[in-house]
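data31.csv (CSV, C-alpha atoms and all ligand atoms)
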chain,number,residue,atom,x,y,z
U,1,MET,CA,30.8,191.8,-24.0
U,2,ALA,CA,32.4,191.1,-20.7
U,3,ASP,CA,31.0,188.1,-18.9
U,4,ASN,CA,31.3,189.3,-15.3
U,5,ALA,CA,29.8,186.2,-13.6
U,6,GLY,CA,32.2,183.9,-15.6
U,7,ILE,CA,35.2,186.1,-14.8
U,8,ASN,CA,34.4,186.2,-11.1
U,9,ARG,CA,33.9,182.5,-11.0
U,10,ALA,CA,37.2,181.8,-12.8
U,11,VAL,CA,39.1,184.3,-10.7
U,12,ASN,CA,37.7,183.0,-7.5
U,13,THR,CA,38.5,179.4,-8.5
U,14,ILE,CA,42.1,180.3,-9.4
U,15,ARG,CA,42.5,182.3,-6.2
U,16,THR,CA,41.3,179.5,-3.9
U,17,GLU,CA,43.4,176.9,-5.6
U,18,LEU,CA,46.4,179.2,-5.5
U,19,GLU,CA,46.0,179.7,-1.8
U,20,TYR,CA,45.8,175.9,-1.4
U,21,LEU,CA,48.9,175.4,-3.4
U,22,ARG,CA,50.8,178.1,-1.5
U,23,ASP,CA,49.7,176.8,1.9
U,24,SER,CA,50.7,173.2,0.9
U,25,GLY,CA,54.1,174.3,-0.2
U,26,VAL,CA,53.7,173.6,-3.9
U,27,VAL,CA,53.8,177.2,-4.9
U,28,SER,CA,56.2,179.6,-3.2
U,29,GLU,CA,55.1,183.0,-1.8
U,30,PRO,CA,56.8,184.9,-4.8
U,31,GLN,CA,55.1,182.6,-7.3
U,32,PHE,CA,51.8,183.0,-5.5
U,33,ASN,CA,52.1,186.8,-5.7
U,34,SER,CA,53.2,186.7,-9.3
U,35,ILE,CA,50.3,184.5,-10.5
U,36,LEU,CA,47.9,186.5,-8.4
U,37,SER,CA,49.0,189.7,-10.0
U,38,GLN,CA,48.2,188.2,-13.4
U,39,LEU,CA,44.5,187.6,-12.5
U,40,PRO,CA,42.1,189.9,-14.5
U,41,GLN,CA,39.9,192.2,-12.6
U,42,PRO,CA,36.1,191.4,-12.7
U,43,GLY,CA,34.6,193.1,-15.7
U,44,GLY,CA,38.0,193.2,-17.5
U,45,VAL,CA,37.9,190.5,-20.1
U,46,PRO,CA,35.6,187.6,-20.9
U,47,SER,CA,36.2,184.4,-18.9
U,48,GLN,CA,37.3,182.4,-22.0
U,49,TYR,CA,40.4,184.7,-22.2
U,50,VAL,CA,41.5,184.0,-18.7
U,51,ASP,CA,44.7,182.2,-19.3
U,52,VAL,CA,47.0,182.1,-16.3
U,53,ARG,CA,50.0,179.8,-16.5
U,54,TYR,CA,52.2,178.0,-13.9
U,55,GLN,CA,55.6,176.7,-15.0
U,56,GLY,CA,54.4,177.0,-18.6
U,57,GLN,CA,51.3,174.8,-18.0
U,58,PRO,CA,47.7,175.9,-18.0
U,59,PHE,CA,46.9,176.7,-14.4
U,60,PRO,CA,45.4,175.6,-12.1
U,61,ALA,CA,43.3,172.4,-12.8
U,62,SER,CA,44.9,170.1,-10.2
U,63,ALA,CA,48.5,171.4,-9.8
U,64,ILE,CA,49.4,169.0,-7.1
U,65,SER,CA,48.4,166.0,-9.2
U,66,GLN,CA,50.4,167.7,-12.0
U,67,ALA,CA,53.4,168.2,-9.8
U,68,ALA,CA,53.1,164.5,-8.8
U,69,GLN,CA,53.8,163.6,-12.5
U,70,ASP,CA,57.1,165.5,-12.5
U,71,PRO,CA,59.9,163.1,-11.5
U,72,ASN,CA,61.9,166.1,-10.2
U,73,HIS,CA,59.2,167.3,-7.9
U,74,PRO,CA,59.0,165.8,-4.4
U,75,ALA,CA,55.2,165.4,-4.9
U,76,ASN,CA,56.1,162.6,-7.2
U,77,PRO,CA,55.8,159.3,-5.2
U,78,LYS,CA,59.1,158.0,-6.8
U,79,HIS,CA,61.1,161.1,-5.8
U,80,PRO,CA,63.7,160.3,-3.1
U,81,LYS,CA,62.3,163.2,-0.9
U,82,HIS,CA,58.7,162.3,-1.4
U,83,GLY,CA,58.2,160.8,2.1
U,84,GLU,CA,59.7,163.9,3.7
U,85,TRP,CA,57.6,166.2,1.5
U,86,ALA,CA,54.4,164.4,2.2
U,87,LYS,CA,55.2,164.3,6.0
U,88,LYS,CA,55.9,168.0,6.0
U,89,LEU,CA,52.7,168.7,4.1
U,90,GLY,CA,50.7,166.5,6.6
U,91,SER,CA,52.3,167.9,9.8
U,92,LYS,CA,52.1,171.4,8.5
U,93,LEU,CA,48.5,171.3,7.6
U,94,GLY,CA,47.1,168.4,9.6
U,95,ASN,CA,43.4,168.2,9.0
U,96,ALA,CA,43.7,171.4,6.9
U,97,ALA,CA,45.4,169.2,4.2
U,98,ILE,CA,42.2,167.2,4.0
U,99,PHE,CA,40.0,170.3,3.9
U,100,GLY,CA,42.1,172.3,1.5
U,101,ALA,CA,44.1,174.5,3.8
U,102,GLY,CA,41.4,177.1,3.9
U,103,ALA,CA,40.7,177.1,0.2
U,104,THR,CA,37.6,175.0,0.3
U,105,ALA,CA,34.1,176.0,1.2
U,106,ALA,CA,31.5,174.0,3.2
U,107,LEU,CA,27.8,174.4,3.5
U,108,VAL,CA,25.4,173.0,6.2
U,109,THR,CA,21.6,173.3,6.2
U,110,GLY,CA,19.6,173.0,9.5
U,111,ALA,CA,22.6,174.5,11.3
U,112,ALA,CA,20.8,176.4,14.0
U,113,GLY,CA,20.7,175.5,17.7
U,114,THR,CA,22.5,172.5,19.2
U,115,GLY,CA,21.6,169.7,16.8
U,116,ILE,CA,23.5,167.7,14.2
U,117,GLY,CA,23.7,170.6,11.7
U,118,ALA,CA,25.3,173.0,14.2
U,119,ALA,CA,27.7,170.3,15.4
U,120,THR,CA,28.7,169.6,11.8
U,121,ALA,CA,29.3,173.3,11.0
U,122,MET,CA,31.6,173.5,14.1
U,123,ALA,CA,33.3,170.3,13.1
U,124,PHE,CA,34.2,171.8,9.7
U,125,ALA,CA,35.7,174.8,11.4
U,126,ARG,CA,37.7,172.7,13.8
U,127,ALA,CA,39.0,170.6,10.9
U,128,GLY,CA,40.5,173.7,9.2
U,129,CYS,CA,37.7,174.7,6.8
U,130,ARG,CA,37.7,178.5,6.7
U,131,ARG,CA,34.7,179.2,4.5
U,132,ILE,CA,31.4,177.9,6.0
U,133,ALA,CA,27.9,178.8,4.9
U,134,ILE,CA,25.0,178.0,7.2
U,135,THR,CA,21.3,178.1,6.9
U,136,ASP,CA,18.2,177.3,8.9
U,137,MET,CA,14.7,178.8,9.3
U,138,ASN,CA,15.6,179.7,12.9
U,139,ALA,CA,17.5,183.0,12.3
U,140,LYS,CA,18.3,183.7,15.9
U,141,GLU,CA,19.9,180.4,16.7
U,142,LEU,CA,21.6,180.4,13.4
U,143,ASN,CA,23.4,183.5,14.5
U,144,ASP,CA,24.4,181.6,17.7
U,145,THR,CA,26.0,179.0,15.6
U,146,ARG,CA,27.9,181.7,13.7
U,147,ALA,CA,29.1,183.2,17.0
U,148,ALA,CA,30.2,179.7,18.2
U,149,ILE,CA,32.2,179.1,15.0
U,150,LEU,CA,33.9,182.5,15.2
U,151,ALA,CA,34.7,182.0,18.9
U,152,GLN,CA,36.5,178.9,17.9
U,153,SER,CA,38.0,179.9,14.5
U,154,PRO,CA,38.2,183.7,14.4
U,155,ASN,CA,39.6,183.7,10.9
U,156,ALA,CA,36.7,181.8,9.4
U,157,LYS,CA,34.4,183.4,7.0
U,158,VAL,CA,30.8,182.5,7.9
U,159,LEU,CA,28.0,183.2,5.5
U,160,VAL,CA,24.6,183.2,7.3
U,161,ARG,CA,21.3,183.0,5.4
U,162,PRO,CA,18.2,182.1,7.3
U,163,GLY,CA,15.4,180.7,5.2
U,164,ASP,CA,13.0,177.8,4.4
U,165,ILE,CA,14.7,174.9,2.8
U,166,ALA,CA,11.4,173.8,1.2
U,167,SER,CA,11.3,176.9,-0.9
U,168,GLU,CA,13.0,176.6,-4.3
U,169,ALA,CA,13.5,180.3,-4.5
U,170,PHE,CA,15.3,180.5,-1.2
U,171,VAL,CA,17.5,177.4,-1.9
U,172,GLU,CA,18.5,178.8,-5.3
U,173,SER,CA,19.4,182.2,-3.8
U,174,PHE,CA,21.3,180.6,-0.9
U,175,ILE,CA,23.5,178.5,-3.1
U,176,ALA,CA,24.1,181.5,-5.5
U,177,ALA,CA,25.2,183.6,-2.5
U,178,VAL,CA,27.6,180.8,-1.4
U,179,VAL,CA,29.2,180.6,-4.8
U,180,LYS,CA,29.4,184.4,-5.1
U,181,GLU,CA,30.9,184.8,-1.7
U,182,PHE,CA,33.3,181.8,-1.6
U,183,GLY,CA,33.9,181.2,-5.3
U,184,ARG,CA,33.1,177.5,-5.0
U,185,LEU,CA,31.3,174.9,-2.9
U,186,ASP,CA,33.2,171.8,-1.9
U,187,TYR,CA,31.2,170.1,0.9
U,188,ALA,CA,27.5,170.2,1.5
U,189,VAL,CA,25.8,168.5,4.5
U,190,ASN,CA,22.0,168.6,4.2
U,191,CYS,CA,20.7,168.4,7.8
U,192,ALA,CA,17.5,170.4,7.8
U,193,GLY,CA,14.6,168.2,8.9
U,194,ILE,CA,11.6,167.8,11.0
U,195,MET,CA,10.2,165.1,13.2
U,196,GLY,CA,7.4,162.8,12.1
U,197,ASN,CA,4.0,162.8,13.6
U,198,ASN,CA,3.0,160.0,16.0
U,199,GLN,CA,0.7,158.4,13.6
U,200,SER,CA,0.4,155.4,11.3
U,201,SER,CA,-0.7,156.0,7.6
U,202,THR,CA,-4.4,155.6,8.2
U,203,GLU,CA,-4.2,158.2,11.0
U,204,THR,CA,-2.1,160.7,9.0
U,205,SER,CA,-3.7,163.7,7.2
U,206,LEU,CA,-2.6,164.8,3.8
U,207,ASP,CA,-1.4,168.1,5.3
U,208,ASP,CA,0.9,166.2,7.7
U,209,PHE,CA,2.2,164.0,5.0
U,210,ASP,CA,3.0,167.1,2.8
U,211,ARG,CA,4.5,169.0,5.7
U,212,ILE,CA,7.0,166.2,6.6
U,213,ASN,CA,7.9,165.4,3.0
U,214,ASN,CA,8.2,169.0,2.0
U,215,VAL,CA,11.1,169.5,4.4
U,216,ASN,CA,12.7,166.1,4.8
U,217,TYR,CA,12.6,164.9,1.2
U,218,ARG,CA,11.7,167.9,-1.1
U,219,GLY,CA,14.0,170.3,0.9
U,220,CYS,CA,16.9,167.8,0.8
U,221,TRP,CA,16.4,167.3,-3.0
U,222,LEU,CA,16.1,171.0,-3.7
U,223,SER,CA,19.3,171.6,-1.7
U,224,SER,CA,21.3,168.8,-3.3
U,225,ARG,CA,20.1,169.7,-6.8
U,226,ALA,CA,21.3,173.3,-6.4
U,227,GLU,CA,24.6,172.1,-4.8
U,228,LEU,CA,25.3,169.6,-7.6
U,229,ARG,CA,24.7,172.3,-10.2
U,230,ALA,CA,27.1,174.6,-8.4
U,231,MET,CA,29.7,171.9,-8.1
U,232,LEU,CA,29.5,170.9,-11.7
U,233,GLU,CA,30.6,174.5,-12.6
U,234,GLN,CA,33.9,174.3,-10.7
U,235,GLU,CA,37.3,172.7,-11.2
U,236,PRO,CA,38.1,169.7,-9.0
U,237,LEU,CA,40.6,170.3,-6.2
U,238,PRO,CA,43.5,168.0,-5.5
U,239,SER,CA,43.2,165.3,-2.8
U,240,HIS,CA,45.1,165.5,0.4
U,241,ASP,CA,46.9,162.4,-1.0
U,242,PRO,CA,48.6,163.1,-4.3
U,243,GLN,CA,48.0,159.5,-5.4
U,244,ARG,CA,44.3,159.9,-5.3
U,245,GLY,CA,42.2,161.7,-7.9
U,246,PRO,CA,40.9,165.2,-7.4
U,247,GLN,CA,37.4,165.9,-5.9
U,248,ARG,CA,35.0,168.3,-7.5
U,249,GLY,CA,32.5,168.2,-4.6
U,250,SER,CA,31.0,166.0,-2.0
U,251,ILE,CA,27.5,165.9,-0.6
U,252,VAL,CA,26.3,164.3,2.6
U,253,ASN,CA,22.5,164.0,3.2
U,254,ILE,CA,21.1,163.3,6.6
U,255,ALA,CA,18.6,160.5,6.4
U,256,SER,CA,17.6,158.3,9.4
U,257,GLN,CA,17.8,154.8,10.7
U,258,LEU,CA,14.0,154.8,10.1
U,259,GLY,CA,14.7,155.1,6.4
U,260,LEU,CA,16.1,151.6,6.7
U,261,VAL,CA,14.0,149.8,9.3
U,262,GLY,CA,10.4,150.0,10.5
U,263,ARG,CA,9.6,148.9,14.0
U,264,PRO,CA,6.0,148.8,15.4
U,265,ASN,CA,5.3,149.6,19.0
U,266,ALA,CA,8.8,150.9,20.0
U,267,PRO,CA,10.1,152.9,17.1
U,268,ALA,CA,11.8,156.3,17.5
U,269,TYR,CA,9.4,159.2,17.5
U,270,THR,CA,6.3,157.3,18.5
U,271,VAL,CA,5.0,154.9,21.0
U,272,SER,CA,2.2,153.5,19.0
U,273,SER,CA,3.1,153.0,15.4
U,274,THR,CA,5.8,153.3,12.8
U,275,PRO,CA,5.8,156.9,11.6
U,276,ALA,CA,5.2,156.0,8.0
U,277,ALA,CA,5.4,159.5,6.5
U,278,TYR,CA,8.7,160.3,8.3
U,279,SER,CA,10.2,156.9,7.5
U,280,ALA,CA,9.3,157.2,3.8
U,281,SER,CA,10.7,160.7,3.6
U,282,LYS,CA,14.0,159.4,4.9
U,283,ALA,CA,14.0,156.3,2.7
U,284,ALA,CA,13.5,158.7,-0.2
U,285,VAL,CA,16.7,160.6,0.9
U,286,ILE,CA,18.6,157.3,0.8
U,287,ALA,CA,17.4,156.3,-2.6
U,288,MET,CA,18.0,159.9,-4.0
U,289,THR,CA,21.6,159.7,-2.6
U,290,ARG,CA,22.2,156.4,-4.4
U,291,ALA,CA,20.8,157.8,-7.7
U,292,ASP,CA,22.8,161.0,-7.5
U,293,ALA,CA,26.0,159.0,-6.6
U,294,ILE,CA,25.6,157.0,-9.8
U,295,ASP,CA,24.8,160.0,-12.0
U,296,TYR,CA,27.7,162.3,-10.8
U,297,SER,CA,30.5,159.8,-10.2
U,298,ASP,CA,32.1,160.5,-13.5
U,299,LYS,CA,32.1,164.2,-12.6
U,300,ALA,CA,34.3,163.5,-9.5
U,301,ILE,CA,31.4,164.3,-7.2
U,302,ARG,CA,30.6,161.9,-4.3
U,303,VAL,CA,27.1,161.7,-2.7
U,304,ASN,CA,26.6,159.8,0.5
U,305,CYS,CA,24.1,159.8,3.4
U,306,ILE,CA,24.0,159.1,7.1
U,307,CYS,CA,21.3,157.3,8.9
U,308,PRO,CA,21.5,158.5,12.6
U,309,GLY,CA,19.8,156.5,15.4
U,310,VAL,CA,18.4,158.4,18.3
U,311,ILE,CA,20.6,161.4,18.8
U,312,ASP,CA,20.5,163.9,21.7
U,313,THR,CA,19.3,167.0,20.0
U,314,PRO,CA,16.4,169.5,20.5
U,315,MET,CA,14.4,167.2,18.2
U,316,THR,CA,14.5,164.3,20.7
U,317,THR,CA,15.0,166.0,24.0
U,318,CYS,CA,12.9,169.2,23.8
U,319,ASP,CA,10.7,168.1,26.7
U,320,GLU,CA,10.2,165.4,29.3
U,321,ASP,CA,7.4,163.8,27.4
U,322,ARG,CA,9.5,163.3,24.4
U,323,ILE,CA,12.4,161.9,26.3
U,324,GLU,CA,10.1,159.4,28.0
U,325,MET,CA,8.5,158.5,24.6
U,326,LEU,CA,11.9,157.8,23.1
U,327,ALA,CA,13.2,155.8,26.1
U,328,PRO,CA,12.2,152.4,24.6
U,329,ALA,CA,13.8,153.2,21.3
U,330,VAL,CA,17.1,154.1,23.1
U,331,GLN,CA,17.0,150.7,24.8
U,332,ILE,CA,16.7,148.9,21.4
U,333,ALA,CA,20.3,150.0,20.5
U,334,PRO,CA,22.9,147.7,22.1
U,335,MET,CA,24.8,150.7,23.3
U,336,LYS,CA,21.7,151.8,25.2
U,337,ARG,CA,22.2,155.5,25.0
U,338,MET,CA,21.5,158.4,22.8
U,339,GLY,CA,24.2,159.5,20.4
U,340,ARG,CA,25.9,162.9,20.6
U,341,PRO,CA,25.4,165.3,17.7
U,342,SER,CA,29.2,165.5,17.4
U,343,GLU,CA,29.3,161.7,16.8
U,344,VAL,CA,27.2,162.2,13.7
U,345,ALA,CA,29.1,165.4,12.7
U,346,ASP,CA,32.4,163.5,12.7
U,347,CYS,CA,31.0,160.9,10.3
U,348,ALA,CA,29.6,163.6,8.0
U,349,LEU,CA,33.1,165.2,7.9
U,350,PHE,CA,34.7,161.9,7.0
U,351,LEU,CA,32.2,161.2,4.2
U,352,ALA,CA,32.6,164.8,2.9
U,353,SER,CA,36.4,164.7,2.9
U,354,SER,CA,38.8,163.3,0.4
U,355,GLN,CA,39.6,160.6,3.1
U,356,ALA,CA,36.5,158.9,1.9
U,357,SER,CA,37.5,159.1,-1.7
U,358,PHE,CA,36.3,155.6,-2.6
U,359,VAL,CA,33.0,155.8,-0.6
U,360,GLN,CA,30.1,156.5,-3.0
U,361,GLY,CA,26.3,156.2,-2.6
U,362,HIS,CA,26.7,154.8,0.9
U,363,ALA,CA,24.1,155.0,3.7
U,364,LEU,CA,26.3,155.1,6.9
U,365,VAL,CA,24.4,154.0,9.9
U,366,VAL,CA,25.4,155.9,13.1
U,367,ASP,CA,23.0,154.5,15.7
U,368,GLY,CA,24.7,152.6,18.5
U,369,GLY,CA,23.6,149.4,16.8
U,370,TYR,CA,19.8,150.1,16.6
U,371,VAL,CA,19.3,148.5,13.2
U,372,ILE,CA,21.3,145.3,13.9
U,373,ASN,CA,19.3,144.5,17.0
U,401,LIG,N1,17.9,163.5,16.5
U,401,LIG,C1,17.7,162.3,16.0
U,401,LIG,O1,17.5,161.4,16.8
U,401,LIG,C2,17.7,162.1,14.5
U,401,LIG,C3,17.6,160.7,14.1
U,401,LIG,C4,17.6,160.5,12.8
U,401,LIG,C5,17.7,161.5,11.9
U,401,LIG,N2,17.7,162.8,12.3
U,401,LIG,C6,17.8,163.8,11.3
U,401,LIG,O2,18.9,164.7,11.5
U,401,LIG,C7,18.6,166.0,11.0
U,401,LIG,C8,19.0,167.0,12.0
U,401,LIG,O3,18.1,166.9,13.1
U,401,LIG,P1,18.5,167.2,14.6
U,401,LIG,O4,18.3,166.0,15.4
U,401,LIG,O5,19.8,167.9,14.7
U,401,LIG,O6,17.3,168.2,15.0
U,401,LIG,P2,17.2,169.7,15.2
U,401,LIG,O7,15.8,170.0,15.4
U,401,LIG,O8,18.2,170.2,16.2
U,401,LIG,O9,17.7,170.3,13.8
U,401,LIG,C9,17.0,170.4,12.7
U,401,LIG,C10,17.1,171.8,12.2
U,401,LIG,O10,16.4,171.9,10.9
U,401,LIG,C11,15.8,173.2,10.9
U,401,LIG,N3,14.6,173.2,10.0
U,401,LIG,C12,13.5,172.5,10.1
U,401,LIG,N4,12.7,172.8,9.1
U,401,LIG,C13,13.4,173.6,8.3
U,401,LIG,C14,13.1,174.3,7.0
U,401,LIG,N5,11.9,174.1,6.4
U,401,LIG,N6,14.0,175.1,6.5
U,401,LIG,C15,15.2,175.3,7.1
U,401,LIG,N7,15.5,174.7,8.3
U,401,LIG,C16,14.6,173.9,8.9
U,401,LIG,C17,15.3,173.4,12.3
U,401,LIG,O11,15.1,174.8,12.6
U,401,LIG,C18,16.5,172.8,13.1
U,401,LIG,O12,17.4,173.8,13.5
U,401,LIG,C19,17.2,166.0,10.6
U,401,LIG,O13,17.1,165.8,9.2
U,401,LIG,C20,16.6,164.8,11.3
U,401,LIG,O14,15.5,164.2,10.6
U,401,LIG,C21,17.7,163.1,13.6
What is this structure when it is put down as structure tokens?
Ligand SMILES: NC(=O)c1ccc[n+]([C@@H]2O[C@H](COP(=O)([O-])OP(=O)(O)OC[C@H]3O[C@@H](n4cnc5c(N)ncnc54)[C@H](O)[C@@H]3O)[C@@H](O)[C@H]2O)c1
Amino acid sequence: MADNAGINRAVNTIRTELEYLRDSGVVSEPQFNSILSQLPQPGGVPSQYVDVRYQGQPFPASAISQAAQDPNHPANPKHPKHGEWAKKLGSKLGNAAIFGAGATAALVTGAAGTGIGAATAMAFARAGCRRIAITDMNAKELNDTRAAILAQSPNAKVLVRPGDIASEAFVESFIAAVVKEFGRLDYAVNCAGIMGNNQSSTETSLDDFDRINNVNYRGCWLSSRAELRAMLEQEPLPSHDPQRGPQRGSIVNIASQLGLVGRPNAPAYTVSSTPAAYSASKAAVIAMTRADAIDYSDKAIRVNCICPGVIDTPMTTCDEDRIEMLAPAVQIAPMKRMGRPSEVADCALFLASSQASFVQGHALVVDGGYVIN
């Protein structure tokens, strides 16, 4: 019996890798069309019979790495024209070489509004990623992010699915929709989060504790679990640098500087006490990141996290009271200003990309120096 899901997945994987290879000059347009015409139609034959070949070799796996083994191909570092080839590849594709020349797919949670998630989705589009999935529980502002991406990159495909990241059913359906639509998931940035209360542990109700942890920790775990499962199903894609290994997927979780340090009396988000429940939810994200990085290293998946300091987003600047409340925390950082969402987004993109190919399980602090002071 035909295995439609398997065929769709295999065909989509081959198609995206083919596009990458064509755009990076490894496969010519006629070769591209020839291989594409060999792809079975969904429902045609079971996936185990999909056997498309390129130059006699099983295709695609990691054809650039394969080409790099061939002494007669300029992708080979010892080939006399390798420098020229690599330069052409780089100048032709720029950032797109790093983000797969349109073949790769990115996902961002918490992407509504004007915060870190929205800035990250925009940064992926600017960097040449042409398949971007966004989610948030704020449907209206999520559509604003979609419009902003398309205004900047009219050719981008943007998948929009509003929903609650703390719901297992929603997260599973969202990731399934991403894989169905894009054929794969290469980069995932888990940004959805809520602020802590202004209370110490003895003041905090169980309801508040659960509310904070359900989104910040449970929601991040649900997201990364589903993302990892999807990534494990796909072939790795070649790196922008033929000398580095291929990458199957890369996850960046957004934690917080308060997952690393506690600071009574002048912490972010409160004037009176360390927000224990919030800090613990973010420390959990850091520990989860490290554990996942260890567990999936041998599958060519990298998992890192970012610990932002005080960033100028709706979470921190929604009203005058909050700005005033956070003023002492801003002064702790030697740079004495709030960070911009784009400053965190750029770091998320670096960690997600194959440029960070040897960065694994890291908690990157992006805080203007808050934790060192
Ligand atoms: N802004 C800061 O100073 C700061 C500092 C450290 C860490 N962070 C973390 O950065 C991340 C992004 O925050 P931001 O500052 O951009 O704030 P933000 O409020 O602009 O963005 C958070 C987004 O998450 C969404 N969200 C909240 N609960 C959700 C749920 N249950 N399901 C789906 N979406 C949900 C919100 O609708 C919002 O769009 C958060 O995880 C936050 O904890 C922010």
> So, counting only C-alpha atoms, which residue among U:Arg146, U:Arg263, U:Arg248, U:His240 is closest to Leu21 in chain U?
Replying inline: U:His240
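You can rank U:Ser342, U:Ser201, U:Gln152, U:Asn138 by their closest distance to ligand LIG 401 (chain U) using all atoms listed in the file, and at the top of that list sits U:Asn138.
Going from CA of Ala192 in chain U over to CA of Asn253 in chain U, you cover 9.3 Å.
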Closest atom pairs, chain U residues within 8 Å of ligand LIG 401 (chain U), all atoms listed in the file, as JSON lines:
{"residue": "U:Thr109", "atom": "CA", "partner": "U:LIG401", "partner_atom": "N7", "distance": 6.6}
{"residue": "U:Gly110", "atom": "CA", "partner": "U:LIG401", "partner_atom": "O10", "distance": 3.7}
{"residue": "U:Ala111", "atom": "CA", "partner": "U:LIG401", "partner_atom": "O12", "distance": 5.7}
{"residue": "U:Ala112", "atom": "CA", "partner": "U:LIG401", "partner_atom": "O12", "distance": 4.3}
{"residue": "U:Gly113", "atom": "CA", "partner": "U:LIG401", "partner_atom": "O12", "distance": 5.6}
{"residue": "U:Thr114", "atom": "CA", "partner": "U:LIG401", "partner_atom": "O8", "distance": 5.7}
{"residue": "U:Gly115", "atom": "CA", "partner": "U:LIG401", "partner_atom": "O5", "distance": 3.3}
{"residue": "U:Ile116", "atom": "CA", "partner": "U:LIG401", "partner_atom": "O5", "distance": 3.7}
{"residue": "U:Gly117", "atom": "CA", "partner": "U:LIG401", "partner_atom": "O5", "distance": 5.6}
{"residue": "U:Ala118", "atom": "CA", "partner": "U:LIG401", "partner_atom": "O5", "distance": 7.5}
{"residue": "U:Thr135", "atom": "CA", "partner": "U:LIG401", "partner_atom": "C15", "distance": 6.7}
{"residue": "U:Asp136", "atom": "CA", "partner": "U:LIG401", "partner_atom": "N7", "distance": 3.8}
{"residue": "U:Met137", "atom": "CA", "partner": "U:LIG401", "partner_atom": "C15", "distance": 4.2}
{"residue": "U:Asn138", "atom": "CA", "partner": "U:LIG401", "partner_atom": "O11", "distance": 4.9}
{"residue": "U:Glu141", "atom": "CA", "partner": "U:LIG401", "partner_atom": "O12", "distance": 7.7}
{"residue": "U:Leu142", "atom": "CA", "partner": "U:LIG401", "partner_atom": "O12", "distance": 7.8}
{"residue": "U:Pro162", "atom": "CA", "partner": "U:LIG401", "partner_atom": "C15", "distance": 7.4}
{"residue": "U:Gly163", "atom": "CA", "partner": "U:LIG401", "partner_atom": "C15", "distance": 5.7}
{"residue": "U:Asp164", "atom": "CA", "partner": "U:LIG401", "partner_atom": "N6", "distance": 3.6}
{"residue": "U:Ile165", "atom": "CA", "partner": "U:LIG401", "partner_atom": "N6", "distance": 3.8}
{"residue": "U:Ala166", "atom": "CA", "partner": "U:LIG401", "partner_atom": "N5", "distance": 5.2}
{"residue": "U:Ser167", "atom": "CA", "partner": "U:LIG401", "partner_atom": "N5", "distance": 7.8}
{"residue": "U:Asn190", "atom": "CA", "partner": "U:LIG401", "partner_atom": "O13", "distance": 7.5}
{"residue": "U:Cys191", "atom": "CA", "partner": "U:LIG401", "partner_atom": "C7", "distance": 4.5}
{"residue": "U:Ala192", "atom": "CA", "partner": "U:LIG401", "partner_atom": "O10", "distance": 3.6}
{"residue": "U:Gly193", "atom": "CA", "partner": "U:LIG401", "partner_atom": "O13", "distance": 3.5}
{"residue": "U:Ile194", "atom": "CA", "partner": "U:LIG401", "partner_atom": "C12", "distance": 5.1}
{"residue": "U:Met195", "atom": "CA", "partner": "U:LIG401", "partner_atom": "O14", "distance": 6.0}
{"residue": "U:Asn214", "atom": "CA", "partner": "U:LIG401", "partner_atom": "N5", "distance": 7.7}
{"residue": "U:Val215", "atom": "CA", "partner": "U:LIG401", "partner_atom": "N5", "distance": 5.1}
{"residue": "U:Asn216", "atom": "CA", "partner": "U:LIG401", "partner_atom": "O13", "distance": 6.2}
{"residue": "U:Gly219", "atom": "CA", "partner": "U:LIG401", "partner_atom": "N5", "distance": 7.0}
{"residue": "U:Ile254", "atom": "CA", "partner": "U:LIG401", "partner_atom": "O13", "distance": 5.4}
{"residue": "U:Ala255", "atom": "CA", "partner": "U:LIG401", "partner_atom": "C5", "distance": 5.7}
{"residue": "U:Ser256", "atom": "CA", "partner": "U:LIG401", "partner_atom": "C4", "distance": 4.0}
{"residue": "U:Gln257", "atom": "CA", "partner": "U:LIG401", "partner_atom": "C4", "distance": 6.1}
{"residue": "U:Leu258", "atom": "CA", "partner": "U:LIG401", "partner_atom": "C4", "distance": 7.3}
{"residue": "U:Ala268", "atom": "CA", "partner": "U:LIG401", "partner_atom": "O1", "distance": 7.7}
{"residue": "U:Lys282", "atom": "CA", "partner": "U:LIG401", "partner_atom": "O14", "distance": 7.6}
{"residue": "U:Cys307", "atom": "CA", "partner": "U:LIG401", "partner_atom": "C4", "distance": 6.3}
{"residue": "U:Pro308", "atom": "CA", "partner": "U:LIG401", "partner_atom": "C4", "distance": 4.4}
{"residue": "U:Gly309", "atom": "CA", "partner": "U:LIG401", "partner_atom": "C3", "distance": 4.9}
{"residue": "U:Val310", "atom": "CA", "partner": "U:LIG401", "partner_atom": "O1", "distance": 3.5}
{"residue": "U:Ile311", "atom": "CA", "partner": "U:LIG401", "partner_atom": "O1", "distance": 3.7}
{"residue": "U:Asp312", "atom": "CA", "partner": "U:LIG401", "partner_atom": "N1", "distance": 5.8}
{"residue": "U:Thr313", "atom": "CA", "partner": "U:LIG401", "partner_atom": "O4", "distance": 4.8}
{"residue": "U:Pro314", "atom": "CA", "partner": "U:LIG401", "partner_atom": "O8", "distance": 4.7}
{"residue": "U:Met315", "atom": "CA", "partner": "U:LIG401", "partner_atom": "O7", "distance": 4.2}
{"residue": "U:Thr316", "atom": "CA", "partner": "U:LIG401", "partner_atom": "N1", "distance": 5.5}
{"residue": "U:Met338", "atom": "CA", "partner": "U:LIG401", "partner_atom": "O1", "distance": 7.8}
{"residue": "U:Gly339", "atom": "CA", "partner": "U:LIG401", "partner_atom": "O1", "distance": 7.8}
{"residue": "U:Pro341", "atom": "CA", "partner": "U:LIG401", "partner_atom": "O5", "distance": 6.9}
>> Neighbouring residues of Ile175 in chain U were defined as those with any atom within 9 Å, considering all atoms listed in the file; residues of the same chain fewer than 2 positions away were excluded. Please report them as an NGL selection string.
In response: :U and (107 or 170-173 or 177-180 or 185 or 223 or 226-227 or 230)
